[in-house]
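Colleague: What follows is final03.cif; its format and atoms are mmCIF, C-alpha atoms.
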data_final
loop_
_atom_site.group_PDB
_atom_site.id
_atom_site.type_symbol
_atom_site.label_atom_id
_atom_site.label_comp_id
_atom_site.auth_asym_id
_atom_site.auth_seq_id
_atom_site.Cartn_x
_atom_site.Cartn_y
_atom_site.Cartn_z
ATOM 1 C CA MET A 281 -73.177 116.549 -202.455
ATOM 2 C CA GLU A 282 -75.588 118.573 -200.341
ATOM 3 C CA PRO A 283 -78.638 116.698 -198.984
ATOM 4 C CA GLU A 284 -80.965 119.138 -200.748
ATOM 5 C CA ASP A 285 -79.457 118.107 -204.112
ATOM 6 C CA LEU A 286 -80.613 114.523 -203.521
ATOM 7 C CA THR A 287 -84.162 115.656 -204.317
ATOM 8 C CA LEU A 288 -83.134 115.575 -207.980
ATOM 9 C CA LEU A 289 -82.906 111.784 -207.753
ATOM 10 C CA LEU A 290 -86.659 111.529 -207.159
ATOM 11 C CA PRO A 291 -88.845 111.811 -210.311
ATOM 12 C CA PRO A 292 -91.947 113.955 -209.632
ATOM 13 C CA ALA A 293 -94.228 111.293 -211.120
ATOM 14 C CA THR A 294 -92.788 108.672 -208.761
ATOM 15 C CA LEU A 295 -93.272 110.941 -205.752
ATOM 16 C CA ALA A 296 -96.847 111.693 -206.790
ATOM 17 C CA ALA A 297 -97.681 108.006 -207.284
ATOM 18 C CA LEU A 298 -96.193 107.101 -203.908
ATOM 19 C CA ALA A 299 -98.106 109.859 -202.095
ATOM 20 C CA ASP A 300 -101.318 108.935 -203.891
ATOM 21 C CA GLY A 301 -100.842 105.311 -202.852
ATOM 22 C CA TRP A 302 -100.525 106.328 -199.204
ATOM 23 C CA ILE A 303 -103.763 108.327 -199.417
ATOM 24 C CA GLN A 304 -105.613 105.516 -201.192
ATOM 25 C CA GLU A 305 -104.433 102.976 -198.637
ATOM 26 C CA ASP A 306 -105.468 105.009 -195.609
ATOM 27 C CA CYS A 307 -108.630 106.597 -197.007
ATOM 28 C CA PRO A 308 -109.996 104.566 -199.939
ATOM 29 C CA ALA A 309 -113.587 105.769 -199.547
ATOM 30 C CA PHE A 310 -115.426 108.138 -197.175
ATOM 31 C CA ASN A 311 -113.542 110.533 -194.913
ATOM 32 C CA TYR A 312 -116.111 111.080 -192.179
ATOM 33 C CA THR A 313 -113.866 113.349 -190.129
ATOM 34 C CA ALA A 314 -113.945 115.911 -192.955
ATOM 35 C CA LEU A 315 -117.568 116.695 -192.041
ATOM 36 C CA VAL A 316 -116.350 117.747 -188.607
ATOM 37 C CA THR A 317 -113.248 119.723 -189.595
ATOM 38 C CA GLY A 318 -114.878 121.422 -192.597
ATOM 39 C CA PRO A 319 -113.438 123.197 -195.651
ATOM 40 C CA ALA A 320 -112.308 126.449 -194.026
ATOM 41 C CA THR A 321 -108.726 127.505 -194.729
ATOM 42 C CA SER A 322 -106.418 126.800 -191.829
ATOM 43 C CA GLN A 323 -102.730 126.453 -191.047
ATOM 44 C CA ALA A 324 -100.622 123.993 -189.138
ATOM 45 C CA ALA A 325 -97.116 123.967 -187.710
ATOM 46 C CA LEU A 326 -94.819 120.976 -188.089
ATOM 47 C CA TRP A 327 -92.772 120.484 -184.908
ATOM 48 C CA ALA A 328 -89.715 118.320 -184.292
ATOM 49 C CA LYS A 329 -89.801 117.041 -180.702
ATOM 50 C CA SER A 330 -86.699 114.821 -180.723
ATOM 51 C CA PRO A 331 -83.147 115.372 -182.043
ATOM 52 C CA GLY A 332 -81.893 114.040 -185.349
ATOM 53 C CA LEU A 333 -81.480 114.789 -189.055
ATOM 54 C CA LEU A 334 -84.386 116.142 -191.066
ATOM 55 C CA ALA A 335 -85.079 113.835 -194.024
ATOM 56 C CA GLY A 336 -88.116 113.283 -196.210
ATOM 57 C CA ARG A 337 -89.046 116.772 -197.397
ATOM 58 C CA PRO A 338 -89.692 115.715 -201.035
ATOM 59 C CA PHE A 339 -92.198 113.054 -199.930
ATOM 60 C CA PHE A 340 -93.876 115.472 -197.513
ATOM 61 C CA ASP A 341 -94.171 118.077 -200.283
ATOM 62 C CA ALA A 342 -95.546 115.560 -202.792
ATOM 63 C CA PHE A 343 -98.174 114.448 -200.324
ATOM 64 C CA PHE A 344 -99.517 117.907 -199.575
ATOM 65 C CA PHE A 345 -99.242 118.998 -203.229
ATOM 66 C CA LEU A 346 -101.923 116.421 -204.083
ATOM 67 C CA LEU A 347 -104.420 117.662 -201.494
ATOM 68 C CA PRO A 348 -103.596 120.583 -202.328
ATOM 69 C CA CYS A 349 -101.854 122.486 -199.522
ATOM 70 C CA GLN A 350 -98.884 124.862 -199.437
ATOM 71 C CA VAL A 351 -95.771 123.977 -197.432
ATOM 72 C CA SER A 352 -93.216 126.509 -196.163
ATOM 73 C CA TRP A 353 -89.998 125.034 -194.762
ATOM 74 C CA PHE A 354 -87.783 126.693 -192.174
ATOM 75 C CA PHE A 355 -84.918 124.168 -192.262
ATOM 76 C CA PRO A 356 -83.075 122.494 -195.153
ATOM 77 C CA GLU A 357 -82.940 118.783 -195.786
ATOM 78 C CA GLY A 358 -80.226 117.043 -193.771
ATOM 79 C CA LEU A 359 -80.051 119.662 -191.012
ATOM 80 C CA LYS A 360 -79.554 118.386 -187.473
ATOM 81 C CA LEU A 361 -82.698 119.324 -185.556
ATOM 82 C CA VAL A 362 -82.590 120.399 -181.912
ATOM 83 C CA PRO A 363 -85.992 120.096 -180.205
ATOM 84 C CA VAL A 364 -88.351 121.719 -179.909
ATOM 85 C CA ALA A 365 -88.090 123.209 -183.424
ATOM 86 C CA LYS A 366 -90.762 124.516 -185.784
ATOM 87 C CA VAL A 367 -89.708 122.822 -189.004
ATOM 88 C CA ALA A 368 -92.441 123.965 -191.403
ATOM 89 C CA GLU A 369 -95.901 125.444 -191.755
ATOM 90 C CA VAL A 370 -98.648 124.052 -193.980
ATOM 91 C CA GLN A 371 -101.653 126.004 -195.216
ATOM 92 C CA GLY A 372 -104.842 124.649 -196.768
ATOM 93 C CA SER A 373 -108.344 123.448 -196.025
ATOM 94 C CA ALA A 374 -108.600 122.021 -192.531
ATOM 95 C CA HIS A 375 -109.994 118.708 -193.737
ATOM 96 C CA CYS A 376 -107.083 118.381 -196.196
ATOM 97 C CA LEU A 377 -104.476 119.245 -193.581
ATOM 98 C CA LEU A 378 -105.805 116.516 -191.329
ATOM 99 C CA LEU A 379 -106.724 113.934 -193.976
ATOM 100 C CA GLU A 380 -103.513 111.936 -193.686
ATOM 101 C CA GLU A 381 -101.802 113.668 -190.779
ATOM 102 C CA GLN A 382 -100.562 110.456 -189.169
ATOM 103 C CA VAL A 383 -99.430 108.871 -192.425
ATOM 104 C CA VAL A 384 -97.237 111.787 -193.466
ATOM 105 C CA LEU A 385 -95.844 112.196 -189.945
ATOM 106 C CA ASN A 386 -94.978 108.490 -189.826
ATOM 107 C CA MET A 387 -93.149 108.822 -193.140
ATOM 108 C CA LEU A 388 -91.171 111.866 -192.024
ATOM 109 C CA ALA A 389 -90.366 110.325 -188.632
ATOM 110 C CA TRP A 390 -89.066 107.098 -190.163
ATOM 111 C CA CYS A 391 -87.119 108.686 -193.023
ATOM 112 C CA SER A 392 -85.472 111.089 -190.570
ATOM 113 C CA GLY A 393 -84.727 108.203 -188.206
ATOM 114 C CA VAL A 394 -83.009 106.227 -190.969
ATOM 115 C CA ALA A 395 -80.979 109.299 -191.976
ATOM 116 C CA SER A 396 -79.974 109.988 -188.356
ATOM 117 C CA CYS A 397 -78.882 106.394 -187.770
ATOM 118 C CA ALA A 398 -76.952 106.352 -191.060
ATOM 119 C CA ALA A 399 -75.173 109.566 -190.069
ATOM 120 C CA ALA A 400 -74.191 108.015 -186.724
ATOM 121 C CA ALA A 401 -72.740 104.975 -188.510
ATOM 122 C CA VAL A 402 -70.771 107.131 -190.945
ATOM 123 C CA GLU A 403 -69.492 109.246 -188.052
ATOM 124 C CA ALA A 404 -68.339 106.093 -186.242
ATOM 125 C CA ALA A 405 -66.421 104.950 -189.321
ATOM 126 C CA ARG A 406 -64.769 108.308 -189.873
ATOM 127 C CA GLY A 407 -63.915 108.509 -186.192
ATOM 128 C CA ALA A 408 -62.022 105.243 -186.605
ATOM 129 C CA GLY A 409 -60.036 106.739 -189.475
ATOM 130 C CA TRP A 410 -61.802 104.598 -192.077
ATOM 131 C CA ALA A 411 -62.810 106.462 -195.247
ATOM 132 C CA GLU A 412 -64.570 103.795 -197.324
ATOM 133 C CA HIS A 413 -68.290 103.066 -197.797
ATOM 134 C CA VAL A 414 -70.871 102.657 -195.037
ATOM 135 C CA ALA A 415 -74.035 101.234 -196.583
ATOM 136 C CA GLY A 416 -77.496 99.930 -195.931
ATOM 137 C CA THR A 417 -78.628 96.529 -197.187
ATOM 138 C CA GLY A 418 -81.545 95.038 -199.084
ATOM 139 C CA LYS A 419 -83.459 94.679 -195.811
ATOM 140 C CA THR A 420 -86.050 97.353 -196.446
ATOM 141 C CA THR A 421 -89.767 97.705 -195.713
ATOM 142 C CA PRO A 422 -92.009 96.559 -198.614
ATOM 143 C CA GLY A 423 -93.660 99.574 -200.198
ATOM 144 C CA PHE A 424 -91.399 101.964 -198.320
ATOM 145 C CA GLN A 425 -88.065 101.163 -199.924
ATOM 146 C CA LEU A 426 -87.610 104.443 -201.787
ATOM 147 C CA VAL A 427 -88.120 106.467 -198.605
ATOM 148 C CA GLU A 428 -85.613 104.344 -196.687
ATOM 149 C CA LYS A 429 -82.978 104.348 -199.436
ATOM 150 C CA TYR A 430 -83.342 108.112 -199.718
ATOM 151 C CA GLY A 431 -82.946 108.455 -195.946
ATOM 152 C CA LEU A 432 -79.676 106.527 -196.124
ATOM 153 C CA LEU A 433 -78.342 108.972 -198.706
ATOM 154 C CA VAL A 434 -79.354 112.012 -196.646
ATOM 155 C CA GLY A 435 -77.452 110.490 -193.722
ATOM 156 C CA GLY A 436 -74.313 110.147 -195.845
ATOM 157 C CA ALA A 437 -74.436 106.358 -196.288
ATOM 158 C CA ALA A 438 -74.598 104.387 -199.527
ATOM 159 C CA SER A 439 -77.990 102.895 -200.352
ATOM 160 C CA HIS A 440 -76.573 99.549 -201.591
ATOM 161 C CA HIS A 441 -78.548 97.886 -204.409
ATOM 162 C CA TYR A 442 -82.063 99.198 -204.890
ATOM 163 C CA ASN A 443 -83.660 95.986 -206.116
ATOM 164 C CA LEU A 444 -82.901 92.585 -207.670
ATOM 165 C CA GLY A 445 -82.429 94.182 -211.066
ATOM 166 C CA ARG A 446 -79.553 96.398 -209.929
ATOM 167 C CA LEU A 447 -77.165 93.788 -208.525
ATOM 168 C CA VAL A 448 -76.917 90.021 -208.827
ATOM 169 C CA MET A 449 -76.659 89.013 -205.171
ATOM 170 C CA ALA A 450 -76.180 85.310 -204.502
ATOM 171 C CA LYS A 451 -76.514 83.901 -200.985
ATOM 172 C CA ASP A 452 -76.143 80.452 -199.461
ATOM 173 C CA ASN A 453 -79.557 79.317 -200.660
ATOM 174 C CA ASP A 454 -78.682 80.276 -204.231
ATOM 175 C CA GLY A 455 -75.503 78.233 -203.999
ATOM 176 C CA THR A 456 -77.433 75.247 -202.687
ATOM 177 C CA ALA A 457 -80.016 75.497 -205.468
ATOM 178 C CA ALA A 458 -77.413 75.947 -208.221
ATOM 179 C CA GLY A 459 -75.007 73.277 -207.022
ATOM 180 C CA GLY A 460 -72.216 75.487 -205.717
ATOM 181 C CA VAL A 461 -70.957 79.050 -205.547
ATOM 182 C CA LYS A 462 -68.830 78.709 -208.681
ATOM 183 C CA LYS A 463 -71.862 77.792 -210.778
ATOM 184 C CA VAL A 464 -73.816 80.702 -209.321
ATOM 185 C CA VAL A 465 -71.127 83.185 -210.337
ATOM 186 C CA GLN A 466 -70.684 81.689 -213.803
ATOM 187 C CA TRP A 467 -74.400 81.730 -214.587
ATOM 188 C CA ALA A 468 -74.810 85.210 -213.104
ATOM 189 C CA GLN A 469 -71.991 86.565 -215.251
ATOM 190 C CA HIS A 470 -73.481 84.932 -218.328
ATOM 191 C CA VAL A 471 -76.891 86.512 -217.750
ATOM 192 C CA ALA A 472 -75.781 89.872 -216.359
ATOM 193 C CA ASN A 473 -72.916 90.315 -218.813
ATOM 194 C CA PHE A 474 -71.145 93.665 -218.345
ATOM 195 C CA ALA A 475 -74.236 95.574 -217.205
ATOM 196 C CA LEU A 476 -74.536 94.243 -213.639
ATOM 197 C CA LYS A 477 -72.106 93.365 -210.892
ATOM 198 C CA VAL A 478 -72.199 90.014 -209.125
ATOM 199 C CA GLU A 479 -71.985 89.776 -205.333
ATOM 200 C CA VAL A 480 -71.728 86.585 -203.340
ATOM 201 C CA CYS A 481 -72.434 86.389 -199.597
ATOM 202 C CA SER A 482 -70.010 83.723 -198.480
ATOM 203 C CA SER A 483 -68.424 81.564 -195.857
ATOM 204 C CA LEU A 484 -64.618 81.393 -195.723
ATOM 205 C CA GLN A 485 -64.345 78.642 -198.359
ATOM 206 C CA GLU A 486 -67.080 80.091 -200.553
ATOM 207 C CA ALA A 487 -65.435 83.503 -200.470
ATOM 208 C CA MET A 488 -62.307 82.133 -202.115
ATOM 209 C CA GLU A 489 -64.358 80.137 -204.647
ATOM 210 C CA ALA A 490 -66.491 83.153 -205.515
ATOM 211 C CA ALA A 491 -63.489 85.423 -205.938
ATOM 212 C CA GLU A 492 -61.698 82.840 -208.063
ATOM 213 C CA ALA A 493 -64.797 82.469 -210.251
ATOM 214 C CA GLY A 494 -64.788 86.222 -210.870
ATOM 215 C CA ALA A 495 -67.366 87.690 -208.490
ATOM 216 C CA ASP A 496 -67.172 91.484 -208.467
ATOM 217 C CA LEU A 497 -68.012 91.722 -204.769
ATOM 218 C CA VAL A 498 -67.595 89.231 -201.954
ATOM 219 C CA SER A 499 -69.603 89.788 -198.786
ATOM 220 C CA LEU A 500 -68.049 88.296 -195.663
ATOM 221 C CA ASP A 501 -71.280 87.794 -193.796
ATOM 222 C CA ASN A 502 -71.440 87.133 -190.045
ATOM 223 C CA PHE A 503 -67.695 86.494 -189.773
ATOM 224 C CA ARG A 504 -66.023 86.567 -186.379
ATOM 225 C CA LEU A 505 -63.691 89.529 -186.127
ATOM 226 C CA GLU A 506 -60.631 87.302 -185.714
ATOM 227 C CA GLU A 507 -61.496 85.724 -189.091
ATOM 228 C CA LEU A 508 -62.847 88.740 -190.936
ATOM 229 C CA HIS A 509 -59.699 90.796 -191.430
ATOM 230 C CA PRO A 510 -57.300 87.896 -192.272
ATOM 231 C CA THR A 511 -59.841 86.578 -194.810
ATOM 232 C CA ALA A 512 -60.254 90.015 -196.371
ATOM 233 C CA GLU A 513 -56.487 90.379 -196.587
ATOM 234 C CA ALA A 514 -56.138 86.981 -198.280
ATOM 235 C CA LEU A 515 -58.868 87.788 -200.783
ATOM 236 C CA LYS A 516 -57.352 91.121 -201.725
ATOM 237 C CA ALA A 517 -53.901 89.565 -202.078
ATOM 238 C CA TRP A 518 -55.099 87.119 -204.739
ATOM 239 C CA PHE A 519 -58.199 88.615 -206.326
ATOM 240 C CA PRO A 520 -59.470 92.075 -207.326
ATOM 241 C CA SER A 521 -62.930 91.548 -205.807
ATOM 242 C CA VAL A 522 -64.418 94.254 -203.615
ATOM 243 C CA VAL A 523 -64.761 92.957 -200.038
ATOM 244 C CA GLU A 524 -67.842 93.814 -197.972
ATOM 245 C CA ALA A 525 -68.339 93.131 -194.265
ATOM 246 C CA SER A 526 -71.875 92.532 -193.030
ATOM 247 C CA GLY A 527 -73.857 90.829 -190.304
ATOM 248 C CA GLY A 528 -74.376 91.936 -186.704
ATOM 249 C CA ILE A 529 -72.897 95.393 -187.259
ATOM 250 C CA MET A 530 -74.163 98.382 -185.266
ATOM 251 C CA PRO A 531 -72.864 101.960 -185.049
ATOM 252 C CA GLY A 532 -71.403 101.065 -181.648
ATOM 253 C CA ASN A 533 -69.257 98.140 -182.839
ATOM 254 C CA LEU A 534 -68.680 99.358 -186.409
ATOM 255 C CA PRO A 535 -65.084 100.560 -185.805
ATOM 256 C CA GLN A 536 -64.051 96.950 -185.115
ATOM 257 C CA PHE A 537 -65.048 96.019 -188.672
ATOM 258 C CA CYS A 538 -63.034 98.830 -190.265
ATOM 259 C CA GLY A 539 -59.841 97.653 -191.904
ATOM 260 C CA PRO A 540 -57.537 98.317 -194.859
ATOM 261 C CA HIS A 541 -58.939 95.401 -196.874
ATOM 262 C CA ILE A 542 -62.640 96.133 -196.281
ATOM 263 C CA TYR A 543 -64.248 98.402 -198.894
ATOM 264 C CA VAL A 544 -67.910 98.318 -197.778
ATOM 265 C CA ILE A 545 -69.493 97.887 -194.343
ATOM 266 C CA SER A 546 -73.236 97.259 -194.578
ATOM 267 C CA LEU A 547 -75.731 97.493 -191.730
ATOM 268 C CA GLY A 548 -79.222 96.052 -192.032
ATOM 269 C CA MET A 549 -80.260 97.771 -188.810
ATOM 270 C CA LEU A 550 -80.157 101.180 -190.526
ATOM 271 C CA THR A 551 -83.493 100.366 -192.188
ATOM 272 C CA GLN A 552 -84.726 97.787 -189.679
ATOM 273 C CA ALA A 553 -84.027 99.190 -186.225
ATOM 274 C CA ALA A 554 -83.386 102.928 -186.547
ATOM 275 C CA PRO A 555 -85.309 104.875 -183.875
ATOM 276 C CA ALA A 556 -87.895 107.155 -185.496
ATOM 277 C CA LEU A 557 -87.875 110.869 -184.765
ATOM 278 C CA ASP A 558 -90.901 112.457 -183.122
ATOM 279 C CA PHE A 559 -92.849 115.022 -185.172
ATOM 280 C CA SER A 560 -96.264 116.577 -184.611
ATOM 281 C CA LEU A 561 -98.548 118.672 -186.818
ATOM 282 C CA LYS A 562 -100.602 121.212 -184.856
ATOM 283 C CA LEU A 563 -103.314 123.470 -186.256
ATOM 284 C CA PHE A 564 -103.401 127.059 -185.015
ATOM 285 C CA ALA A 565 -105.746 129.988 -185.632
ATOM 286 C CA GLY A 566 -103.201 132.757 -186.117
ATOM 287 C CA GLY A 567 -100.197 134.470 -184.613
ATOM 288 C CA ASP A 568 -97.470 132.299 -183.143
ATOM 289 C CA PRO A 569 -98.429 128.620 -182.819
ATOM 290 C CA PRO A 570 -98.087 127.138 -179.323
ATOM 291 C CA MET A 571 -94.898 125.119 -178.829
ATOM 292 C CA PRO A 572 -95.382 121.465 -177.820
ATOM 293 C CA HIS A 573 -93.247 119.701 -175.234
ATOM 294 C CA ALA A 574 -90.104 117.829 -176.273
ATOM 295 C CA ARG A 575 -90.259 114.037 -176.198
ATOM 296 C CA GLN A 576 -88.749 112.607 -173.037
ATOM 297 C CA SER A 577 -85.848 110.264 -173.763
#
Could the structure of this file be written out as structure tokens, please?
Modeller:
Amino acid sequence: MEPEDLTLLLPPATLAALADGWIQEDCPAFNYTALVTGPATSQAALWAKSPGLLAGRPFFDAFFFLLPCQVSWFFPEGLKLVPVAKVAEVQGSAHCLLLEEQVVLNMLAWCSGVASCAAAAVEAARGAGWAEHVAGTGKTTPGFQLVEKYGLLVGGAASHHYNLGRLVMAKDNDGTAAGGVKKVVQWAQHVANFALKVEVCSSLQEAMEAAEAGADLVSLDNFRLEELHPTAEALKAWFPSVVEASGGIMPGNLPQFCGPHIYVISLGMLTQAAPALDFSLKLFAGGDPPMPHARQS
């Protein structure tokens, strides 16, 4: 699937509500700067000043559609940007162009950073000859989850579960509260029935108990490498559960976690520690807009 096709996943009403929420949060009342910038029609160039994948166009468009301003893109979603690159131009009233400049740039920078980091992780896995699923985790930023999950998809990774209603994920605390992993799985299956899968994040002993109880997925979380692959092999030999490796995984060490019995490798750092790209939005009067300097690495 092409990255541009992923836009179809995002309902227009959801995009509009998200963009409106950003505006309301940052400017809930008076916008004093608008008196300075004025209502005259102007134009601005969107520049990419650091390398990485472009991701977040649908959110950018939804934001400026509300103001309203017109956006013209020069690069498709998912393209690898080489700085300094003019990515888009936006036309509209000057006070609208600048109303939420920093908010929309922050969104685009972070979404593109998540996509770029996800692409690096997928590339590391494929370079190791491993063809299964590289995924994010549930460790997302409150209020920004949709942007981050979308960025993962643009980067070629799986988004993992979107929220608590999409996957029954039981961790050590759930086992403690319920009186054991087996009880967690049994109750989860009873409530979720056939509609949801059940995943248990387990220790070595709990992994076997969870698989025996019928968990659909077993996450081997924070396992030492010398234990990870033998445990995954044992699980797959006896049970049909999908085995996921997680905990402490980075693009640099990801190949060590790749193995024939691992079906999913999840990285929380994709949405927690991805370096943001550097974008700027510069107004210009006409002709060719001046090119900014690239960000120094």
Colleague: Residues within 12 Å of Phe344 in chain A, please, as a CSV table (one decimal) with C-alpha atoms, in the frame of the given file. Count all atoms listed in the file; anything in the same chain fewer than 4 positions from it doesn't count.
Modeller:
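As written to disk, part26.csv reads:
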chain,number,residue,atom,x,y,z
A,295,LEU,CA,-93.3,110.9,-205.8
A,296,ALA,CA,-96.8,111.7,-206.8
A,299,ALA,CA,-98.1,109.9,-202.1
A,300,ASP,CA,-101.3,108.9,-203.9
A,302,TRP,CA,-100.5,106.3,-199.2
A,303,ILE,CA,-103.8,108.3,-199.4
A,337,ARG,CA,-89.0,116.8,-197.4
A,338,PRO,CA,-89.7,115.7,-201.0
A,339,PHE,CA,-92.2,113.1,-199.9
A,340,PHE,CA,-93.9,115.5,-197.5
A,348,PRO,CA,-103.6,120.6,-202.3
A,349,CYS,CA,-101.9,122.5,-199.5
A,350,GLN,CA,-98.9,124.9,-199.4
A,351,VAL,CA,-95.8,124.0,-197.4
A,352,SER,CA,-93.2,126.5,-196.2
A,369,GLU,CA,-95.9,125.4,-191.8
A,370,VAL,CA,-98.6,124.1,-194.0
A,371,GLN,CA,-101.7,126.0,-195.2
A,372,GLY,CA,-104.8,124.6,-196.8
A,373,SER,CA,-108.3,123.4,-196.0
A,376,CYS,CA,-107.1,118.4,-196.2
A,377,LEU,CA,-104.5,119.2,-193.6
A,378,LEU,CA,-105.8,116.5,-191.3
A,379,LEU,CA,-106.7,113.9,-194.0
A,380,GLU,CA,-103.5,111.9,-193.7
A,381,GLU,CA,-101.8,113.7,-190.8
A,383,VAL,CA,-99.4,108.9,-192.4
A,384,VAL,CA,-97.2,111.8,-193.5
A,385,LEU,CA,-95.8,112.2,-189.9
Colleague: Given the PyMOL selection byres ((chain A and resi 447-462) around 10) and the file above, list the residues it selects as an MDAnalysis selection string.
Modeller: chainID A and resid 418 440:446 463:469 471:472 475:483 485:499 501
Colleague: With only C-alpha atoms as the counted atoms, please give the residues lying no more than 9 Å from range 401-415 of chain A, apart from itself and same-chain residues fewer than 4 positions off, as an NGL selection string.
Modeller: :A and (396-397 or 432 or 435-440 or 530-536 or 538-540 or 542-548 or 550)
Colleague: Using C-alpha atoms, can you write the selected residues to a file as a PDB file, in the coordinates of the input?
Modeller:
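Below is the file that was written, part.pdb:
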ATOM      1  CA  SER A 396     -79.974 109.988-188.356  1.00  0.00           C
ATOM      2  CA  CYS A 397     -78.882 106.394-187.770  1.00  0.00           C
ATOM      3  CA  LEU A 432     -79.676 106.527-196.124  1.00  0.00           C
ATOM      4  CA  GLY A 435     -77.452 110.490-193.722  1.00  0.00           C
ATOM      5  CA  GLY A 436     -74.313 110.147-195.845  1.00  0.00           C
ATOM      6  CA  ALA A 437     -74.436 106.358-196.288  1.00  0.00           C
ATOM      7  CA  ALA A 438     -74.598 104.387-199.527  1.00  0.00           C
ATOM      8  CA  SER A 439     -77.990 102.895-200.352  1.00  0.00           C
ATOM      9  CA  HIS A 440     -76.573  99.549-201.591  1.00  0.00           C
ATOM     10  CA  MET A 530     -74.163  98.382-185.266  1.00  0.00           C
ATOM     11  CA  PRO A 531     -72.864 101.960-185.049  1.00  0.00           C
ATOM     12  CA  GLY A 532     -71.403 101.065-181.648  1.00  0.00           C
ATOM     13  CA  ASN A 533     -69.257  98.140-182.839  1.00  0.00           C
ATOM     14  CA  LEU A 534     -68.680  99.358-186.409  1.00  0.00           C
ATOM     15  CA  PRO A 535     -65.084 100.560-185.805  1.00  0.00           C
ATOM     16  CA  GLN A 536     -64.051  96.950-185.115  1.00  0.00           C
ATOM     17  CA  CYS A 538     -63.034  98.830-190.265  1.00  0.00           C
ATOM     18  CA  GLY A 539     -59.841  97.653-191.904  1.00  0.00           C
ATOM     19  CA  PRO A 540     -57.537  98.317-194.859  1.00  0.00           C
ATOM     20  CA  ILE A 542     -62.640  96.133-196.281  1.00  0.00           C
ATOM     21  CA  TYR A 543     -64.248  98.402-198.894  1.00  0.00           C
ATOM     22  CA  VAL A 544     -67.910  98.318-197.778  1.00  0.00           C
ATOM     23  CA  ILE A 545     -69.493  97.887-194.343  1.00  0.00           C
ATOM     24  CA  SER A 546     -73.236  97.259-194.578  1.00  0.00           C
ATOM     25  CA  LEU A 547     -75.731  97.493-191.730  1.00  0.00           C
ATOM     26  CA  GLY A 548     -79.222  96.052-192.032  1.00  0.00           C
ATOM     27  CA  LEU A 550     -80.157 101.180-190.526  1.00  0.00           C
TER      28      LEU A 550
END
Colleague: Smallest atom-to-atom distance to Pro570 in chain A: which of A:Gly301, A:Trp353, A:Lys360, A:Lys366, using only C-alpha atoms?
Modeller: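 Answer, going by the shortest atom-to-atom distance: A:Lys366.
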Colleague: Find, counting all atoms listed in the file, the residue in A:Leu500, A:Ala328, A:Val394, A:Leu433 that gets nearest to Asp558 in chain A.
Modeller: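 Of A:Leu500, A:Ala328, A:Val394, A:Leu433, the one nearest Asp558 in chain A is A:Ala328, counting all atoms listed in the file.
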Colleague: One decimal, in Å: what's the spacing between CA of Thr321 in chain A and CA of His375 in chain A?
Modeller: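 So the two atoms, CA of Thr321 in chain A and CA of His375 in chain A, lie 8.9 Å apart.
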Colleague: Please tell me which residues are no farther than 10 Å from (-85.5, 115.3, -202.9) in the file, counting all atoms listed in the file, and write them as number ranges by chain.
Modeller: A: 283-292, 295, 335-341, 357, 430, 434
Colleague: Just how far from CA of Pro572 in chain A is CA of Pro363 in chain A, in Å to one decimal?
Modeller: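 Separation between CA of Pro363 in chain A and CA of Pro572 in chain A: 9.8 Å.
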Colleague: Enumerate, as a ChimeraX atom specification, the residues matched when the PyMOL selection byres ((chain A and resi 509) around 12) is run on the file above.
Modeller: /A:484,500,503-508,510-516,523-525,536-543
Colleague: Let me see the file: selected residues, C-alpha atoms, as a compact mmCIF listing (two decimals), in the frame of the given file.
Modeller:
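Ended up saving to part.txt:
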# COMPACT_ATOMS: atom_id res chain seq x y z
CA LEU A 484 -64.62 81.39 -195.72
CA LEU A 500 -68.05 88.30 -195.66
CA PHE A 503 -67.69 86.49 -189.77
CA ARG A 504 -66.02 86.57 -186.38
CA LEU A 505 -63.69 89.53 -186.13
CA GLU A 506 -60.63 87.30 -185.71
CA GLU A 507 -61.50 85.72 -189.09
CA LEU A 508 -62.85 88.74 -190.94
CA PRO A 510 -57.30 87.90 -192.27
CA THR A 511 -59.84 86.58 -194.81
CA ALA A 512 -60.25 90.02 -196.37
CA GLU A 513 -56.49 90.38 -196.59
CA ALA A 514 -56.14 86.98 -198.28
CA LEU A 515 -58.87 87.79 -200.78
CA LYS A 516 -57.35 91.12 -201.72
CA VAL A 523 -64.76 92.96 -200.04
CA GLU A 524 -67.84 93.81 -197.97
CA ALA A 525 -68.34 93.13 -194.26
CA GLN A 536 -64.05 96.95 -185.12
CA PHE A 537 -65.05 96.02 -188.67
CA CYS A 538 -63.03 98.83 -190.26
CA GLY A 539 -59.84 97.65 -191.90
CA PRO A 540 -57.54 98.32 -194.86
CA HIS A 541 -58.94 95.40 -196.87
CA ILE A 542 -62.64 96.13 -196.28
CA TYR A 543 -64.25 98.40 -198.89
Colleague: From the list A:Met549, A:Met571, A:Ala374, A:Ala399, which residue is nearest Leu359 in chain A when using only C-alpha atoms?
Modeller: A:Ala399
Colleague: Would you please work out which residue, of A:Gly528, A:Gly393, A:Asp568, A:Thr420, is nearest to Gly332 in chain A when using all atoms listed in the file?
Modeller: A:Gly393
Colleague: Enter the distance from CA of Thr317 in chain A to CA of Ala342 in chain A, in Å, rounded to one decimal.
Modeller: 22.5 Å
Colleague: If the box runs along x, y and z of the file and leaves 8 Å on each side of range 533-545 of chain A, what are its centre and edge lengths in Å, one decimal, as JSON?
Modeller:
{"center_x": -63.5, "center_y": 98.0, "center_z": -190.9, "size_x": 28.0, "size_y": 21.2, "size_z": 32.1}
